[in-house]
Amino acid sequence: MAARLSNGASSPPSQTSSYEGASLVDLPKSWHFTESLPADALFPTPADSHKTARDRIRPRQVQNAIFTWVRPEEQKEPELLGVSPAALRDLGIKAGEEKTDDFRQLVAGNKLYGWDEEKLEGGYPWAQCYGGFQFGQWAGQLGDGRAISLFETTNPASGERYELQLKGSGLTPYSRFADGKAVLRSSIREFVVSEALNALRIPTTRALSLTLLPHSNVLRERVEPGAIVLRFAQSWLRLGSFDILRARGDRALIRKLCAYVAEDVFGGWDKLPARLEDPENPATSPSPRRGVATDATEGPEDTSENRFTRLYREIVRRNALVVANWQAYGFMNGVLNTDNTSVYGLSIDFGPFAFMDDFDPSYTPNHDDYALRYSYKNQPTIIWWNLVRLGEAVGELMGMGPDVDDPAFVTEGVKEGLESEVAGRAEKLILQAGEEYKATFLAEYKRLMTARLGLRKFKDSDFEVLFSEALDTLESLELDFHHFFRRLSSIKLGELATEEAREEKASVFFHTEGPPKMIDENNARKSLAKWLTSWRERVIEDWQDSEGVVSEARENERIQAMKQVNPNFVPRGWILDEVIRRVEKEDDTEVLNRIMHLALHPFEDSWDGQTINGIKYDGDSQEETRWTADPPKTERAMQCSCSS
């Protein structure tokens, strides 16, 4: 079974691994998903779908199924615009394969691997069926309306298995009233941000390639060029995959899907974690990432826990970890519906996403989110709201406790008269999981923020004195979230020795134009100096030697450690808009290679002329300077729509 990291991120192959990758032909391929779960009855076999005219596979309601067999639409003269070298490596595809025509045809959906055209047998592409709550309201059947999965592959070097999927590859039964296409604009955004988040070590779906469809015109707010992203993930299942089954009362399929997730996605029921003994103090309990699995919770208080509760807990913890990463790095998805919330705990489905500019907890990148439901400050709450919906979908299985495998329950459901007891037990278990969600979130957030502030150990007082005070200061002075941490990384303790020095150094955090006009600069300097005083004291306490001194060697170690967690580059909205304009209007496709290089190596001081991972990069130093400098004042806190 593929190796899994506890935070949901993939385990990257070593840079020194002797494995050079495989050709597309030799790349190991599997179809566990379609072999394990029921297909759409209208096309019970791949052959039934393949023999059906492509234009007859159109939107409709699909019952009693997790997926539909459907092949991508054929694309004329696809143009490969960009490839992620990191994605090639992590998938186990050998370098140079991206230059072949087979690669170009695969990532455009024109070439199927594993399918025997003559015998009409073998592995075949598919689209998932799922539903979802959108902006808090039940939206019914949704599904992969423009995404089609091709196959799974396991990288022999890392042991990690990924499912490869095309986004923008044509109509499926789940396209509803849409066209199954994706526009170049949003495809560029997803291509870049997927790899940028992974480089920041934030659990995420990935992107291998970006392909322009020169003969595809797509109508959104205007007519736009079409494109396809080949993306991949350990699993594309969402909370909405369970929502649709609950709405339809499909008890048997909920149970079957749970088993697939536990056994195939997470590696076995025995890998799922036990309950935290003390949610308020995760350090004294089984790890919030992994615990000891048992069929019943030890102790006299509660013996109702079963394997389905442990499965729920695993999904809860994974999502707590990813949202903690978003909050620590100022990332917002923009549309955290349940169909956009990953079972695996990944950042998924990038529409109106954004990285924070000036710190504003109420900021949302979605200009249709008038109630600020998906704002930065609401993300942890909304993810838990979504997880409660999942708890309701699997609540019957959790609530049955040790009797979950009773034959009468399996076939007929909860006996009359026991409904309240089962519901009450399920509610209690969901509330317990909620405490673990908070504990896991806070533990991960503290870990990340401790590292971002250059500390080695967290103290309880750090949360208020350093974390909260820093964010309050950023908000009140309208300072840039990312620049604050990166510029703090380079400050030496000697530069903060006196109050006067700290007030002078405060200017490094201001925008080029200085503090906002309504804020007095002297007061702004004093406010920052006050926080720098607390930070300096904690750094000295944390890094001093036995003689109470922070040596130059330790200072340099701290600075380098901070620079490895505080990015110099993030793909902000205004940068992506510039790249989109240059690709669409100026036919400048080289800019994609340059932004991808920065996104894949976000912690460098500079890139042009530098050798990174043994490869010398020739970029554009002036462009790099602009992209890492202050965002243009009129282009901060940009918003965009959900259309793509």
# chains A, B, ... in the order shown; residues from 1 in each chain; ligands from 1

$ residues_around --residues "A:Asp101" --least-positions-apart "3" --cutoff "12 Å" --atoms "only C-alpha atoms" --output "VMD selection string"
chain A and resid 24 77 to 80 96 to 98 104 to 108 110 to 111

$ residues_around --residues "A:Asn556" --least-positions-apart "2" --cutoff "12 Å" --atoms "only C-alpha atoms" --output "VMD selection string"
chain A and resid 454 489 to 493 543 550 to 554 558 to 563

$ atom_distance --atom1 "atom CA of A:Phe242" --atom2 "atom CA of A:Phe151"
22.1 Å

$ closest_residue --among "A:Ile575, A:Leu88, A:Leu397, A:Ala182" --to "A:Glu195" --atoms "only C-alpha atoms"
A:Leu88

$ atom_distance --atom1 "atom CA of A:Ile595" --atom2 "atom CA of A:Gly226"
20.6 Å

$ residues_around --residues "A:His367" --least-positions-apart "3" --cutoff "10 Å" --atoms "only C-alpha atoms" --output "compact mmCIF listing (two decimals) with N, CA and C atoms, in the first residue's frame"
# COMPACT_ATOMS: atom_id res chain seq x y z
N GLY A 334 -11.69 30.03 -0.91
CA GLY A 334 -12.71 30.88 -1.51
C GLY A 334 -14.06 30.23 -1.68
N PRO A 352 -11.88 30.75 -6.84
CA PRO A 352 -11.45 32.09 -6.43
C PRO A 352 -10.55 32.07 -5.20
N THR A 364 -12.21 37.75 1.90
CA THR A 364 -12.52 36.57 1.10
C THR A 364 -12.17 36.89 -0.35
N TYR A 370 -20.94 37.34 -0.46
CA TYR A 370 -21.34 38.61 0.18
C TYR A 370 -21.41 38.50 1.70
N LEU A 372 -19.42 36.72 3.50
CA LEU A 372 -18.07 36.40 3.99
C LEU A 372 -18.02 35.01 4.62
N MET A 638 -7.41 41.33 -4.09
CA MET A 638 -8.25 41.14 -5.28
C MET A 638 -9.27 40.05 -5.03
N GLN A 639 -10.37 40.11 -5.77
CA GLN A 639 -11.40 39.09 -5.72
C GLN A 639 -11.71 38.62 -7.14
N CYS A 640 -12.20 37.39 -7.24
CA CYS A 640 -12.61 36.90 -8.55
C CYS A 640 -13.81 36.00 -8.39
N SER A 641 -14.35 35.55 -9.50
CA SER A 641 -15.60 34.79 -9.47
C SER A 641 -15.33 33.30 -9.41
N CYS A 642 -16.40 32.53 -9.26
CA CYS A 642 -16.28 31.07 -9.25
C CYS A 642 -16.20 30.50 -10.66

$ residues_around --residues "A:Ala139" --least-positions-apart "2" --cutoff "12 Å" --atoms "only C-alpha atoms" --output "list in words"
Tyr130, Gly131, Gly132, Phe133, Gln134, Phe135, Gly136, Gln137, Gln141, Leu142, Gly143, Arg176, Gly240, Asp243, Ile244, Ala247, Asn337, Thr338 and Asp339 of chain A

$ write_last_selection --atoms "N, CA and C atoms" --output "PDB file, in the first residue's frame"
ATOM      1  N   TYR A 130     -20.969  12.791  -6.989  1.00  0.00           N
ATOM      2  CA  TYR A 130     -21.047  13.284  -5.612  1.00  0.00           C
ATOM      3  C   TYR A 130     -22.022  14.450  -5.557  1.00  0.00           C
ATOM      4  N   GLY A 131     -22.375  14.822  -4.363  1.00  0.00           N
ATOM      5  CA  GLY A 131     -23.264  15.968  -4.172  1.00  0.00           C
ATOM      6  C   GLY A 131     -22.553  17.017  -3.355  1.00  0.00           C
ATOM      7  N   GLY A 132     -23.328  17.885  -2.691  1.00  0.00           N
ATOM      8  CA  GLY A 132     -22.664  18.867  -1.854  1.00  0.00           C
ATOM      9  C   GLY A 132     -23.578  19.942  -1.313  1.00  0.00           C
ATOM     10  N   PHE A 133     -23.146  20.506  -0.196  1.00  0.00           N
ATOM     11  CA  PHE A 133     -23.769  21.707   0.359  1.00  0.00           C
ATOM     12  C   PHE A 133     -22.964  22.899  -0.137  1.00  0.00           C
ATOM     13  N   GLN A 134     -23.607  23.777  -0.878  1.00  0.00           N
ATOM     14  CA  GLN A 134     -22.944  24.954  -1.429  1.00  0.00           C
ATOM     15  C   GLN A 134     -23.468  26.195  -0.729  1.00  0.00           C
ATOM     16  N   PHE A 135     -22.548  26.942  -0.122  1.00  0.00           N
ATOM     17  CA  PHE A 135     -22.917  28.111   0.687  1.00  0.00           C
ATOM     18  C   PHE A 135     -23.965  27.744   1.738  1.00  0.00           C
ATOM     19  N   GLY A 136     -23.828  26.531   2.273  1.00  0.00           N
ATOM     20  CA  GLY A 136     -24.692  26.085   3.360  1.00  0.00           C
ATOM     21  C   GLY A 136     -26.001  25.459   2.937  1.00  0.00           C
ATOM     22  N   GLN A 137     -26.276  25.415   1.638  1.00  0.00           N
ATOM     23  CA  GLN A 137     -27.542  24.872   1.141  1.00  0.00           C
ATOM     24  C   GLN A 137     -27.300  23.604   0.330  1.00  0.00           C
ATOM     25  N   GLN A 141     -27.205  16.547  -6.691  1.00  0.00           N
ATOM     26  CA  GLN A 141     -26.116  15.875  -7.405  1.00  0.00           C
ATOM     27  C   GLN A 141     -25.222  16.903  -8.087  1.00  0.00           C
ATOM     28  N   LEU A 142     -23.930  16.762  -7.882  1.00  0.00           N
ATOM     29  CA  LEU A 142     -22.938  17.603  -8.550  1.00  0.00           C
ATOM     30  C   LEU A 142     -22.050  16.680  -9.379  1.00  0.00           C
ATOM     31  N   GLY A 143     -20.921  16.268  -8.838  1.00  0.00           N
ATOM     32  CA  GLY A 143     -20.077  15.302  -9.538  1.00  0.00           C
ATOM     33  C   GLY A 143     -19.026  15.940 -10.416  1.00  0.00           C
ATOM     34  N   ARG A 176     -24.333  18.909 -15.485  1.00  0.00           N
ATOM     35  CA  ARG A 176     -25.538  19.718 -15.255  1.00  0.00           C
ATOM     36  C   ARG A 176     -25.820  20.605 -16.468  1.00  0.00           C
ATOM     37  N   GLY A 240     -18.624  15.478  -0.124  1.00  0.00           N
ATOM     38  CA  GLY A 240     -19.830  15.399  -0.940  1.00  0.00           C
ATOM     39  C   GLY A 240     -20.084  14.024  -1.515  1.00  0.00           C
ATOM     40  N   ASP A 243     -22.266  12.880   1.064  1.00  0.00           N
ATOM     41  CA  ASP A 243     -23.489  13.690   1.130  1.00  0.00           C
ATOM     42  C   ASP A 243     -24.572  13.152   0.205  1.00  0.00           C
ATOM     43  N   ILE A 244     -24.182  12.816  -1.033  1.00  0.00           N
ATOM     44  CA  ILE A 244     -25.173  12.397  -2.022  1.00  0.00           C
ATOM     45  C   ILE A 244     -25.809  11.073  -1.611  1.00  0.00           C
ATOM     46  N   ALA A 247     -28.295  11.732   1.223  1.00  0.00           N
ATOM     47  CA  ALA A 247     -29.516  12.365   0.729  1.00  0.00           C
ATOM     48  C   ALA A 247     -30.434  11.352   0.067  1.00  0.00           C
ATOM     49  N   ASN A 337     -17.248  24.603  -0.088  1.00  0.00           N
ATOM     50  CA  ASN A 337     -18.441  23.766  -0.052  1.00  0.00           C
ATOM     51  C   ASN A 337     -18.031  22.340   0.315  1.00  0.00           C
ATOM     52  N   THR A 338     -18.987  21.486   0.669  1.00  0.00           N
ATOM     53  CA  THR A 338     -18.615  20.127   1.049  1.00  0.00           C
ATOM     54  C   THR A 338     -18.073  19.338  -0.138  1.00  0.00           C
ATOM     55  N   ASP A 339     -18.468  19.698  -1.353  1.00  0.00           N
ATOM     56  CA  ASP A 339     -17.912  19.024  -2.520  1.00  0.00           C
ATOM     57  C   ASP A 339     -16.497  19.499  -2.818  1.00  0.00           C
TER      58      ASP A 339
END
